[in-house]
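Read the structure below first, then the notes.
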Amino acid sequence: MFVFQRKSNLFSVFATTATLAFIFFWTMTTGAKAEPTVSLSGETIYFPMAHVVTFLFLMLGPTKIIGPFVKVTEGADRTLEKEIARNAIIFSGIALLIAGLLGEMILRKHSVPLPVLALAAGVILFLVAIQDTVRQFSFSTHEAAVGAKTKPSMKLALDPLAFPVIVTPYGIAALIVFLAFAPDVKSQLQIGLIVVVILLLNFLAMLFARKVLATLGIVLAILGAVLSVVQVALGLQIIRQSLLAMGAL
């Protein structure tokens with residue numbers, strides 16, 4: 001009875017945290033003006049904060065980590081699972097911080113026009129969305145090999161969980177673009193806060209991955225498909241706005 005109550009309490013913590021995260025995102029995005037923005041040739045490229053949340057949640061969020069985590073930690077005890085999940089989030093956070101700082105420095109050094117950067121990001125996000133729509137919760141050949149041939153160990157926190165499951169190349173690209181378009185430090189801090197909350201959700205998702213997958217597997221698959229379709233539309237919108245800003249349309 002004690003074990004059942006303890007598991008129920010832990011799952012309640014997960015549900016409560018997920019609800020609070022939803023409220024956080026809803027509060028941040030509801031009624032938010034289009035930020036960040038940039039103008040060129042009389043046109044303005046808009047990145048509403050709601051789009052930022054959607055993209056980063058899709059690129060870095062828990063919907064794509066639950067399946068891989070269950071796969072690669074098969075046979076691991078509960079203590080090792082927690083340590084792998086914790087280290088994966090630490091590695092991911094450090095990587096995203098470094099990528100954000102380096103990306104901004106490189107873009108500033110090479111003076112890449114923001115509409116061109118937005119166009120490149122739109123193409124990348126669109127192609128990734130198409131791929132995710134067709135193939136949900138799939139392993140790459142490398143990830144499958146790791147899960148099949150390697151016993152659970154702390155090395156899995158770095159490869160493949162932190163890279164490339166959580167921190168994907170297109171996730172880094174999206175983060176760099178949003179930071180580059182941020183009009184001020186406040187907006188950049190908001191983006192950073194969004195990333196922190198998403199990483200926290202990733203950590204909780206890994207802690208309860210087996211329970212969530214067993215009870216909400218179909219729901220997560222449907223949610224992932226719906227969000228991917230939304231991402232396709234948003235990617236196309238970014239491409240259109242970028243072409244308009246450059247006077248190509």
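Every chain in the structure tokens takes a letter, A first, then B, and so on in the order presented; its residues are numbered from 1, and the ligands are numbered from 1 following the presented order.
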Filtered DSSP result for stretch 29-134 of chain A, state alpha helix (DSSP H), as a count of residues only: 74
For A:Ala221, which residue among A:Val52, A:Val134, A:Leu189, A:Ala121 is the nearest when counting only C-alpha atoms?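 Among A:Val52, A:Val134, A:Leu189, A:Ala121, it is A:Val134 that comes nearest to A:Ala221.
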Stretch 41-91 of chain A residues near stretch 152-175 of chain A within 9 Å, closest pair each, using only C-alpha atoms, as CSV:
residue,atom,partner,partner_atom,distance
A:Val52,CA,A:Ala174,CA,8.6
A:Phe55,CA,A:Ala174,CA,7.4
A:Leu56,CA,A:Gly171,CA,6.9
A:Leu58,CA,A:Gly171,CA,8.5
A:Met59,CA,A:Gly171,CA,4.9
A:Leu60,CA,A:Ile166,CA,5.4
A:Gly61,CA,A:Ile166,CA,7.3
A:Pro62,CA,A:Ile166,CA,8.2
A:Lys64,CA,A:Val165,CA,7.4
A:Ile65,CA,A:Val165,CA,6.4
A:Pro68,CA,A:Leu161,CA,7.6
A:Phe69,CA,A:Leu161,CA,7.1
A:Val72,CA,A:Pro152,CA,6.6
A:Thr73,CA,A:Pro152,CA,5.3
A:Glu74,CA,A:Pro152,CA,7.0
A:Gly75,CA,A:Pro152,CA,7.0
A:Ala76,CA,A:Pro152,CA,5.7
A:Leu80,CA,A:Ser153,CA,7.5
A:Glu81,CA,A:Pro152,CA,8.6
A:Glu83,CA,A:Met154,CA,7.3
A:Ile84,CA,A:Ala157,CA,4.9
A:Ala85,CA,A:Ala157,CA,6.6
A:Arg86,CA,A:Ala157,CA,8.0
A:Asn87,CA,A:Ala157,CA,5.7
A:Ala88,CA,A:Ala157,CA,4.3
A:Ile89,CA,A:Ala162,CA,6.9
A:Ile90,CA,A:Ala162,CA,8.5
A:Phe91,CA,A:Ala162,CA,6.2
For a test of reading the model, state the distance in Å between atom CA of A:Gln241 and atom CA of A:Val116, rounded to one decimal. 10.7 Å
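Taking atom CA of A:Val123 and atom CA of A:Gly67 as endpoints, the distance between them is 26.8 Å.
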Would you work out the distance separating atom CA of A:Leu227 from atom CA of A:Ile198, expressed in Å to one decimal?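 Rounded to one decimal, the two atoms are 15.4 Å apart.
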